[in-house]
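J.: First, the structure itself, so that you have it in front of you.
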Amino acid sequence: MSYFTYKLIHYLGIFLLIAVVGLALGRRSVLDGDDPLRRRWNTIHAVALFVILLGGFGLMARIGVDHGEPFPGWLWAKFGIWAVLGGTLLAARWWPSRSLALMGLIPVLAVLAGWVAFSKPF
Ligand code: HEM
């Protein structure tokens with residue numbers, strides 16, 4: 001697949017992730033655990049994280065980051081951002097009163113991930 005296709009896959013995962021986390025954070029019952037669709041939100045969240053990774057690894061291959069060589073710093077930053085975004089629903093369950101702050105964190109991290117990939121500062 002082409003660089004362009006992988007980038008679209010990457011974006012698909014990112015938008016899905018933002019949509020599902022926003023939805024889940026806005027539904028008190030999802031966080032409390034008594035929402036009948038909670039498992040579905042969790043599954044969509046996991047699928048979104050996987051699709052981001054799929055697109056990300058495809059992009060890595062297309063821009064020439066090889067398996068053998070150590071990852072550049074900006075990629076490690078992206079793995080960190082990815083992990084934090086993966087932990088958002090769990091964090092919201094632990095600190096439900098922080099849901100709004102977590103919701104604000106999502107676009108900030110998404111923009112940061114884009115900036116890191118675009119400018120590769122380290
Ligand atoms: C482990 C996870 C991730 C990996 C391996 C990864 C990898 C990559 C790679 C290799 C590129 C292409 C850079 C280039 O074209 O030179 C890229 C671009 C991008 N990534 Fe990721 N990424 C990951 C997670 C994320 C996350 C979580 C987000 C946002 C929520 C994100 C947002 C973006 C954006 C917006 C771009 C496009 C930047 C541009 O070229 O304008 N990435 N990513």
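Within each chain, counting starts at residue 1; across the structure tokens, chains are named A, B, ... in the order shown, with ligands numbered 1 upward in that order.
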Give me, as JSON lines, the closest atom pair and its distance (Å, one decimal) for every residue of chain A within a cut-off of 6 Å of ligand 1, counting only C-alpha atoms and all ligand atoms, rows sorted by chain and rising number.
T.:
{"residue": "A:Ile14", "atom": "CA", "partner": "ligand 1", "partner_atom_place_in_ligand_line": "30 (C)", "distance": 5.0}
{"residue": "A:Ile52", "atom": "CA", "partner": "ligand 1", "partner_atom_place_in_ligand_line": "24 (C)", "distance": 6.0}
{"residue": "A:Leu53", "atom": "CA", "partner": "ligand 1", "partner_atom_place_in_ligand_line": "2 (C)", "distance": 5.1}
{"residue": "A:Gly56", "atom": "CA", "partner": "ligand 1", "partner_atom_place_in_ligand_line": "7 (C)", "distance": 3.7}
{"residue": "A:Phe57", "atom": "CA", "partner": "ligand 1", "partner_atom_place_in_ligand_line": "5 (C)", "distance": 5.2}
{"residue": "A:Leu59", "atom": "CA", "partner": "ligand 1", "partner_atom_place_in_ligand_line": "10 (C)", "distance": 4.4}
{"residue": "A:Met60", "atom": "CA", "partner": "ligand 1", "partner_atom_place_in_ligand_line": "10 (C)", "distance": 3.9}
{"residue": "A:Lys78", "atom": "CA", "partner": "ligand 1", "partner_atom_place_in_ligand_line": "23 (C)", "distance": 4.9}
{"residue": "A:Phe79", "atom": "CA", "partner": "ligand 1", "partner_atom_place_in_ligand_line": "1 (C)", "distance": 3.8}
{"residue": "A:Ile81", "atom": "CA", "partner": "ligand 1", "partner_atom_place_in_ligand_line": "27 (C)", "distance": 5.7}
{"residue": "A:Trp82", "atom": "CA", "partner": "ligand 1", "partner_atom_place_in_ligand_line": "27 (C)", "distance": 4.1}
{"residue": "A:Ala110", "atom": "CA", "partner": "ligand 1", "partner_atom_place_in_ligand_line": "30 (C)", "distance": 3.6}
{"residue": "A:Ala113", "atom": "CA", "partner": "ligand 1", "partner_atom_place_in_ligand_line": "31 (C)", "distance": 4.6}
{"residue": "A:Gly114", "atom": "CA", "partner": "ligand 1", "partner_atom_place_in_ligand_line": "35 (C)", "distance": 3.5}
{"residue": "A:Ala117", "atom": "CA", "partner": "ligand 1", "partner_atom_place_in_ligand_line": "13 (C)", "distance": 4.7}
{"residue": "A:Phe118", "atom": "CA", "partner": "ligand 1", "partner_atom_place_in_ligand_line": "39 (C)", "distance": 4.6}
J.: Taking the chain letters and numbering used in this document, name the residues of region 29-113 of chain A that DSSP puts in alpha helix (DSSP H), as a PyMOL selection string.
T.: chain A and resi 29-32+38-63+73-86+88-94+99-113
J.: Give me, as a ChimeraX atom specification, all polymer residues having an atom no more than 8 Å from Val21 (chain A), counting only C-alpha atoms and skipping those fewer than 6 positions away in the same chain.
T.: /A:45,88-89,103
J.: Using the selection just defined, write its residues with C-alpha atoms as a PDB file, in the first residue's frame.
T.:
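Written output follows (selection-v2.pdb):
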ATOM      1  CA  HIS A  45     -11.541   2.288  21.402  1.00  0.00           C
ATOM      2  CA  THR A  88      -7.890   7.842  28.800  1.00  0.00           C
ATOM      3  CA  LEU A  89     -11.002   5.734  29.392  1.00  0.00           C
ATOM      4  CA  MET A 103     -11.526  15.543  27.152  1.00  0.00           C
TER       5      MET A 103
END
J.: Using only C-alpha atoms, which of A:Val65, A:Val20, A:Arg27, A:Val111 sits nearest Thr43 (chain A)?
T.: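 Using only C-alpha atoms, the shortest distance to Thr43 (chain A) belongs to A:Val20.
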J.: Distance CA of Leu25 (chain A)-CA of Ala91 (chain A), one decimal place?
T.: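 Those two atoms sit 10.4 Å apart.
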J.: Do you have the CA of Arg40 (chain A)-CA of Ala19 (chain A) distance handy?
T.: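 Those two atoms sit 13.4 Å apart.
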J.: Work out how far apart CA of Gly55 (chain A) and CA of Gly87 (chain A) are and give it in Å to one decimal.
T.: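 It comes out at 19.7 Å.
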J.: If you count only C-alpha atoms, which residues fall within 10 Å of Phe4 (chain A), apart from same-chain ones fewer than 3 positions away, as a compact mmCIF listing (two decimals) with N, CA and C atoms, in the first residue's frame?
T.:
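Here's the written file selection.txt:
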# COMPACT_ATOMS: atom_id res chain seq x y z
N MET A 1 0.83 -1.21 0.00
CA MET A 1 0.00 0.00 0.00
C MET A 1 0.87 1.26 0.00
N LYS A 7 -1.45 6.88 5.35
CA LYS A 7 -1.75 8.11 6.07
C LYS A 7 -3.26 8.23 6.29
N LEU A 8 -4.04 7.85 5.28
CA LEU A 8 -5.51 7.88 5.44
C LEU A 8 -5.95 6.90 6.53
N ILE A 9 -5.31 5.72 6.56
CA ILE A 9 -5.65 4.73 7.61
C ILE A 9 -5.32 5.32 8.98
N HIS A 10 -4.14 5.97 9.07
CA HIS A 10 -3.70 6.60 10.31
C HIS A 10 -4.76 7.62 10.77
N GLY A 55 -1.72 2.10 10.58
CA GLY A 55 -1.34 3.20 9.69
C GLY A 55 0.05 3.71 10.02
N GLY A 58 2.74 1.32 8.87
CA GLY A 58 2.82 1.39 7.41
C GLY A 58 3.58 2.65 6.99
N LEU A 59 3.28 3.77 7.65
CA LEU A 59 3.97 5.03 7.33
C LEU A 59 5.46 4.91 7.62
N ARG A 62 7.10 3.19 4.90
CA ARG A 62 7.16 3.99 3.67
C ARG A 62 8.18 5.13 3.75
J.: Considering only C-alpha atoms, state which residue in the set A:Leu105, A:Ile44, A:Ile63, A:Ala24 is at the smallest distance from Leu90 (chain A).
T.: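 Among A:Leu105, A:Ile44, A:Ile63, A:Ala24, it is A:Ala24 that comes nearest to Leu90 (chain A).
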J.: Counting only C-alpha atoms, which of A:Ala48, A:Ala61, A:Ile106, A:Leu75 gets nearest to Tyr6 (chain A)?
T.: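 The answer is A:Ala61, which sits nearest to Tyr6 (chain A).
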J.: So, counting only C-alpha atoms, which residue among A:Ile18, A:Thr5, A:Ala77, A:Ala83 is closest to Gly104 (chain A)?
T.: A:Ile18
